[in-house]
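Undergrad: Sharing data_33.pdb here; it has PDB, C-alpha atoms and all ligand atoms.
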```pdb
MODEL        1
ATOM      1  CA  MET A 274      12.882  -8.096   4.913
ATOM      2  CA  ALA A 275      15.173  -5.799   6.783
ATOM      3  CA  ILE A 276      14.953  -2.805   9.023
ATOM      4  CA  ARG A 277      16.691   0.143   7.375
ATOM      5  CA  LYS A 278      18.182   3.181   9.028
ATOM      6  CA  ILE A 279      15.877   6.216   8.995
ATOM      7  CA  LEU A 280      17.683   9.380   7.946
ATOM      8  CA  THR A 281      17.175  12.501  10.012
ATOM      9  CA  VAL A 282      17.630  16.208   9.345
ATOM     10  CA  PRO A 283      19.864  17.723   8.099
ATOM     11  CA  ASP A 284      20.719  14.743   5.844
ATOM     12  CA  PRO A 285      20.727  16.174   2.286
ATOM     13  CA  ARG A 286      19.088  13.015   0.880
ATOM     14  CA  LEU A 287      15.855  14.130   2.580
ATOM     15  CA  ARG A 288      15.904  17.226   0.371
ATOM     16  CA  GLN A 289      16.224  15.539  -3.019
ATOM     17  CA  LYS A 290      13.349  15.009  -5.421
ATOM     18  CA  ALA A 291      12.693  11.285  -5.822
ATOM     19  CA  ARG A 292      12.376   9.568  -9.239
ATOM     20  CA  PRO A 293       9.274   7.652 -10.338
ATOM     21  CA  VAL A 294       9.587   3.861 -10.424
ATOM     22  CA  LYS A 295       9.414   2.439 -13.963
ATOM     23  CA  ARG A 296       7.467  -0.612 -12.865
ATOM     24  CA  VAL A 297       6.633  -2.342  -9.616
ATOM     25  CA  ASP A 298       9.006  -5.301  -9.897
ATOM     26  CA  LYS A 299      10.485  -7.615  -7.253
ATOM     27  CA  ARG A 300      13.036  -4.990  -6.307
ATOM     28  CA  VAL A 301      10.324  -2.411  -5.569
ATOM     29  CA  GLN A 302       8.274  -5.033  -3.703
ATOM     30  CA  ALA A 303      11.316  -5.795  -1.533
ATOM     31  CA  LEU A 304      11.658  -2.058  -0.893
ATOM     32  CA  PHE A 305       7.968  -1.887   0.128
ATOM     33  CA  ASP A 306       8.533  -4.774   2.569
ATOM     34  CA  ASP A 307      11.658  -3.239   4.098
ATOM     35  CA  MET A 308       9.884   0.091   4.456
ATOM     36  CA  LEU A 309       6.887  -1.487   6.182
ATOM     37  CA  GLU A 310       9.145  -3.324   8.620
ATOM     38  CA  THR A 311      11.198  -0.179   9.262
ATOM     39  CA  MET A 312       8.025   1.862   9.811
ATOM     40  CA  HIS A 313       6.597  -0.699  12.250
ATOM     41  CA  ALA A 314       9.859  -0.800  14.196
ATOM     42  CA  ALA A 315      10.142   2.990  14.449
ATOM     43  CA  PRO A 316       7.115   3.017  15.160
ATOM     44  CA  GLY A 317       5.363   5.257  12.693
ATOM     45  CA  ILE A 318       2.225   5.446  10.565
ATOM     46  CA  GLY A 319       3.925   6.345   7.294
ATOM     47  CA  LEU A 320       7.317   6.226   5.608
ATOM     48  CA  ALA A 321       8.685   7.487   2.297
ATOM     49  CA  ALA A 322      11.640   5.879   0.487
ATOM     50  CA  PRO A 323      13.856   9.005   0.711
ATOM     51  CA  GLN A 324      13.688   8.623   4.505
ATOM     52  CA  ILE A 325      15.776   5.460   4.157
ATOM     53  CA  GLY A 326      18.027   7.015   1.529
ATOM     54  CA  VAL A 327      16.273   5.559  -1.542
ATOM     55  CA  GLY A 328      15.442   8.211  -4.141
ATOM     56  CA  LEU A 329      12.300   6.547  -5.521
ATOM     57  CA  ARG A 330       8.663   7.660  -5.384
ATOM     58  CA  VAL A 331       7.544   4.922  -3.011
ATOM     59  CA  ILE A 332       5.564   5.297   0.223
ATOM     60  CA  VAL A 333       3.969   3.004   2.801
ATOM     61  CA  LEU A 334       1.336   3.833   5.388
ATOM     62  CA  GLU A 335      -0.517   1.975   8.085
ATOM     63  CA  LEU A 336      -2.921   3.650  10.456
ATOM     64  CA  PRO A 337      -4.321   2.083  13.607
ATOM     65  CA  GLU A 338      -7.632   0.350  12.935
ATOM     66  CA  GLU A 339      -9.570   2.570  15.310
ATOM     67  CA  GLU A 340      -8.500   5.678  13.421
ATOM     68  CA  ASP A 341     -11.391   7.539  11.788
ATOM     69  CA  GLY A 342     -13.353   4.355  11.068
ATOM     70  CA  ASN A 343     -11.820   4.489   7.589
ATOM     71  CA  PRO A 344     -11.906   1.108   5.750
ATOM     72  CA  LEU A 345      -8.267   1.606   4.748
ATOM     73  CA  THR A 346      -7.029   1.781   8.340
ATOM     74  CA  GLY A 347      -5.527  -1.210  10.110
ATOM     75  CA  GLN A 348      -3.852  -2.525   6.954
ATOM     76  CA  PRO A 349      -0.683  -1.598   5.104
ATOM     77  CA  ILE A 350      -1.044   0.744   2.127
ATOM     78  CA  PHE A 351       1.740   0.472  -0.460
ATOM     79  CA  LEU A 352       1.968   3.160  -3.143
ATOM     80  CA  ALA A 353       4.462   3.733  -5.923
ATOM     81  CA  ASN A 354       4.371   7.001  -7.885
ATOM     82  CA  PRO A 355       1.594   8.463  -5.710
ATOM     83  CA  GLU A 356      -0.020  11.630  -7.032
ATOM     84  CA  LEU A 357      -2.349  13.992  -5.292
ATOM     85  CA  VAL A 358      -5.152  14.417  -7.843
ATOM     86  CA  SER A 359      -7.620  16.297  -5.678
ATOM     87  CA  ALA A 360      -7.563  18.126  -2.352
ATOM     88  CA  ARG A 361     -10.377  19.845  -0.465
ATOM     89  CA  GLY A 362     -10.765  21.739   2.766
ATOM     90  CA  SER A 363      -8.085  22.685   5.220
ATOM     91  CA  GLU A 364      -7.326  21.889   8.812
ATOM     92  CA  GLU A 365      -4.430  22.634  11.136
ATOM     93  CA  GLU A 366      -3.465  19.556  13.149
ATOM     94  CA  GLN A 367      -0.489  18.048  14.894
ATOM     95  CA  GLU A 368       2.012  15.875  13.067
ATOM     96  CA  GLY A 369       5.460  14.519  13.635
ATOM     97  CA  CYS A 370       8.112  13.096  11.355
ATOM     98  CA  LEU A 371      10.478  10.175  11.953
ATOM     99  CA  SER A 372      13.154  12.221  10.179
ATOM    100  CA  VAL A 373      12.660  15.196  12.535
ATOM    101  CA  PRO A 374      12.930  13.460  15.907
ATOM    102  CA  GLY A 375      12.017  15.281  19.090
ATOM    103  CA  PHE A 376       9.509  17.707  17.604
ATOM    104  CA  VAL A 377       5.894  18.000  16.538
ATOM    105  CA  GLY A 378       4.271  20.775  14.599
ATOM    106  CA  TYR A 379       0.827  22.102  13.799
ATOM    107  CA  VAL A 380       0.509  21.955  10.045
ATOM    108  CA  GLU A 381      -2.269  23.090   7.755
ATOM    109  CA  ARG A 382      -3.268  20.342   5.314
ATOM    110  CA  ALA A 383      -6.218  19.521   3.081
ATOM    111  CA  THR A 384      -8.871  17.530   4.938
ATOM    112  CA  GLU A 385      -9.986  15.362   2.004
ATOM    113  CA  VAL A 386      -7.736  14.072  -0.747
ATOM    114  CA  ILE A 387      -7.749  11.707  -3.674
ATOM    115  CA  VAL A 388      -4.433  10.036  -4.415
ATOM    116  CA  GLN A 389      -3.610   7.800  -7.371
ATOM    117  CA  GLY A 390      -0.673   5.459  -7.669
ATOM    118  CA  LEU A 391       0.411   1.872  -8.148
ATOM    119  CA  ASP A 392      -0.130  -0.746  -5.459
ATOM    120  CA  ARG A 393       2.216  -3.550  -4.367
ATOM    121  CA  ARG A 394       1.266  -5.563  -7.458
ATOM    122  CA  GLY A 395       1.666  -2.642  -9.824
ATOM    123  CA  ARG A 396      -2.062  -2.106 -10.330
ATOM    124  CA  LYS A 397      -3.436   1.421 -10.620
ATOM    125  CA  VAL A 398      -5.266   2.404  -7.458
ATOM    126  CA  ARG A 399      -7.196   5.457  -6.372
ATOM    127  CA  ILE A 400      -7.504   6.241  -2.681
ATOM    128  CA  GLU A 401     -10.055   8.646  -1.257
ATOM    129  CA  ALA A 402      -9.034   9.699   2.228
ATOM    130  CA  ASN A 403      -9.861  12.122   4.976
ATOM    131  CA  GLY A 404      -8.649  12.792   8.506
ATOM    132  CA  LEU A 405      -5.307  11.391   9.572
ATOM    133  CA  LEU A 406      -4.934   9.210   6.456
ATOM    134  CA  ALA A 407      -5.338  12.278   4.208
ATOM    135  CA  ARG A 408      -2.760  14.116   6.323
ATOM    136  CA  ALA A 409      -0.318  11.186   6.226
ATOM    137  CA  LEU A 410      -0.637  10.842   2.435
ATOM    138  CA  GLN A 411       0.156  14.542   1.964
ATOM    139  CA  HIS A 412       3.088  14.277   4.386
ATOM    140  CA  GLU A 413       4.581  11.262   2.556
ATOM    141  CA  ILE A 414       4.105  12.733  -0.931
ATOM    142  CA  ASP A 415       5.896  15.862   0.315
ATOM    143  CA  HIS A 416       8.876  13.670   1.281
ATOM    144  CA  LEU A 417       9.127  12.551  -2.366
ATOM    145  CA  ASP A 418       9.643  16.182  -3.342
ATOM    146  CA  GLY A 419      12.183  16.862  -0.604
ATOM    147  CA  VAL A 420       9.638  18.792   1.470
ATOM    148  CA  LEU A 421       9.396  18.359   5.254
ATOM    149  CA  TYR A 422       6.468  19.410   7.438
ATOM    150  CA  VAL A 423       8.654  22.020   9.116
ATOM    151  CA  ASP A 424       8.715  23.851   5.753
ATOM    152  CA  ARG A 425       4.941  24.183   5.921
ATOM    153  CA  LEU A 426       4.606  25.698   9.399
ATOM    154  CA  SER A 427       2.943  29.101   9.363
ATOM    155  CA  GLY A 428       5.364  30.310  12.042
ATOM    156  CA  PRO A 429       8.006  29.188  14.555
ATOM    157  CA  ASP A 430       5.336  29.105  17.302
ATOM    158  CA  LYS A 431       3.804  26.053  15.524
ATOM    159  CA  LEU A 432       6.793  23.825  16.334
ATOM    160  CA  PHE A 433       7.094  22.095  19.714
ATOM    161  CA  ARG A 434       9.782  20.011  21.341
ATOM    162  CA  ILE A 435       8.538  16.711  22.784
ATOM    163  CA  VAL A 436       9.786  14.622  25.678
ATOM    164  CA  LYS A 437      11.742  11.448  24.966
ATOM    165  CA  GLU A 438       9.797   8.218  24.432
ATOM    166  CA  GLU A 439      11.217   6.514  27.526
ATOM    167  CA  GLU A 440      10.069   9.366  29.739
ATOM    168  CA  GLU A 441       6.477   8.848  28.725
ATOM    169  CA  THR A 442       4.091   6.573  30.567
ATOM    170  CA  SER A 443       2.594   4.982  27.472
ATOM    171  CA  SER A 444       4.630   5.037  24.300
ATOM    172  CA  GLU A 445       1.746   3.522  22.354
ATOM    173  CA  ALA A 446      -0.651   6.304  23.303
ATOM    174  CA  ALA A 447       2.021   8.897  22.659
ATOM    175  CA  HIS A 448       2.745   7.367  19.261
ATOM    176  CA  LYS A 449      -0.882   7.537  18.236
ATOM    177  CA  GLU A 450      -1.205  11.080  19.449
ATOM    178  CA  ARG A 451       1.927  12.206  17.671
ATOM    179  CA  ALA A 452       1.386  10.246  14.480
ATOM    180  CA  GLU A 453       4.981  10.190  13.295
ATOM    181  CA  MET A 454       5.538   9.558   9.618
TER     182      MET A 454
HETATM  183 ZN    ZN B 501       8.044  12.422   7.674
ENDMDL
END
```
Take the structure I supplied and represent it as structure tokens, if you would.
TA:
Amino acid sequence: MAIRKILTVPDPRLRQKARPVKRVDKRVQALFDDMLETMHAAPGIGLAAPQIGVGLRVIVLELPEEEDGNPLTGQPIFLANPELVSARGSEEEQEGCLSVPGFVGYVERATEVIVQGLDRRGRKVRIEANGLLARALQHEIDHLDGVLYVDRLSGPDKLFRIVKEEEETSSEAAHKERAEM
């Protein structure tokens, strides 16, 4: 496993549409592992392959266990070729992106989603999510289409500059609050 460099705006690779993986082989599994390690180191709760310059439809997520009481929190979620098959409701909440450092925005997203894809072993999986996990899944799938959360803001007043990590009293609390992905 290796920590990869996370690309930031305005890197053009963040704007390209990623290709589906043909099958989840050892190479894709190694990519999953590198992405998880990179995401943990950042730290973040989600990462998409284009954020490390790999143009494949691969995402990883891991939410803190206490988040939403969802059974999928507190463990890594690996998805290749994720597809949003259903979305319900809408909610404007705060999110941040590891590729847009120094800012957070208030973004309207569906509150409940169903996502299908392939897991780390290449098996078809279907994930039903709400709350922060639903938001993170939508954010990561957007990355695969070259879309950043800043594209989805309803106005410039929805974007806020944040203070640097080292100036904050608790980076862990700040990380959870900001939910960078
Ligand atoms: Zn992001």
Undergrad: Starting from the PyMOL selection byres (((chain A and resi 404) around 8) and not hetatm), expand the selection into actual residues of this file and give them as a list in words.
TA: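 Matching residues under the PyMOL selection byres (((chain A and resi 404) around 8) and not hetatm) are Asp341, Thr384, Glu385, Ala402, Asn403, Leu405, Leu406, Ala407 and Arg408 of chain A.
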Undergrad: Could you pull out the residues sitting within 7 Å of ligand ZN 501 (chain B), using only C-alpha atoms and all ligand atoms, and write them as a list of chain:residue names?
TA: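 Sorted by chain and then by number, the residues are A:Leu320, A:Gly369, A:Cys370, A:Leu371, A:Ser372, A:His412, A:Glu413, A:His416, A:Leu421, A:Glu453, A:Met454.
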Undergrad: If you count all atoms listed in the file, which residues fall within 9 Å of Leu410 in chain A, apart from same-chain ones fewer than 4 positions away, as JSON, numbers by chain?
TA: {"A": [319, 332, 334, 355, 357, 386, 388, 402, 405, 406, 414, 415]}
Undergrad: Tell me which residues the PyMOL selection byres (((chain A and resi 356) around 12) and not hetatm) grabs here, as a count of residues only.
TA: 30
Undergrad: With distances taken over only C-alpha atoms, which of A:Arg393, A:Ile350, A:Asp424, A:Gly362 is nearest to Tyr379 in chain A?
TA: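 Closest to Tyr379 in chain A of all the choices is A:Asp424.
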Undergrad: Taking only C-alpha atoms into account, name the residue in A:Ser363, A:Phe351, A:Leu432, A:Ala452 that is nearest to Leu304 in chain A.
TA: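 Smallest distance to Leu304 in chain A is found for A:Phe351.
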Undergrad: As a check of understanding, name the residues that the PyMOL selection byres (((chain A and resi 347) around 8) and not hetatm) selects in the supplied structure, as a ChimeraX atom specification.
TA: /A:335-339,345-346,348-349
Undergrad: Include C-alpha atoms and write out the residues we just selected as a PDB file, in the coordinates of the input.
TA:
```
ATOM      1  CA  GLU A 335      -0.517   1.975   8.085  1.00  0.00           C
ATOM      2  CA  LEU A 336      -2.921   3.650  10.456  1.00  0.00           C
ATOM      3  CA  PRO A 337      -4.321   2.083  13.607  1.00  0.00           C
ATOM      4  CA  GLU A 338      -7.632   0.350  12.935  1.00  0.00           C
ATOM      5  CA  GLU A 339      -9.570   2.570  15.310  1.00  0.00           C
ATOM      6  CA  LEU A 345      -8.267   1.606   4.748  1.00  0.00           C
ATOM      7  CA  THR A 346      -7.029   1.781   8.340  1.00  0.00           C
ATOM      8  CA  GLN A 348      -3.852  -2.525   6.954  1.00  0.00           C
ATOM      9  CA  PRO A 349      -0.683  -1.598   5.104  1.00  0.00           C
TER      10      PRO A 349
END
```
Undergrad: Would you work out the distance separating CA of Arg394 in chain A from CA of Arg277 in chain A, expressed in Å to one decimal?
TA: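 Going from CA of Arg394 in chain A over to CA of Arg277 in chain A, I get 22.1 Å.
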Undergrad: Return the single residue from A:Arg361, A:Gly395, A:Val377, A:Gly328 that is closest to Pro429 in chain A, with distances computed using only C-alpha atoms.
TA: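 Answer, going by the shortest atom-to-atom distance: A:Val377.
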Undergrad: Interatomic distance between CA of Leu309 in chain A and CA of Val297 in chain A?
TA: 15.8 Å
Undergrad: Report, in Å to a single decimal, how far apart CA of Ala314 in chain A and CA of Ile276 in chain A are.
TA: 7.5 Å
Undergrad: Nearest residue to Gln302 in chain A out of A:Val436, A:Ile318, A:Val380, A:Val333, using all atoms listed in the file?
TA: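 Nearest to Gln302 in chain A: A:Val333.
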Undergrad: Using only C-alpha atoms, which residue out of A:Ser427, A:Thr311, A:Gln324, A:Asn343 lies closest to Glu365 in chain A?
TA: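 Closest to Glu365 in chain A of all the choices is A:Ser427.
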Undergrad: Smallest atom-to-atom distance to Ile279 in chain A: which of A:Glu366, A:Glu381, A:Asp392, A:Glu310, using all atoms listed in the file?
TA: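 Under the stated criterion, the closest residue is A:Glu310.
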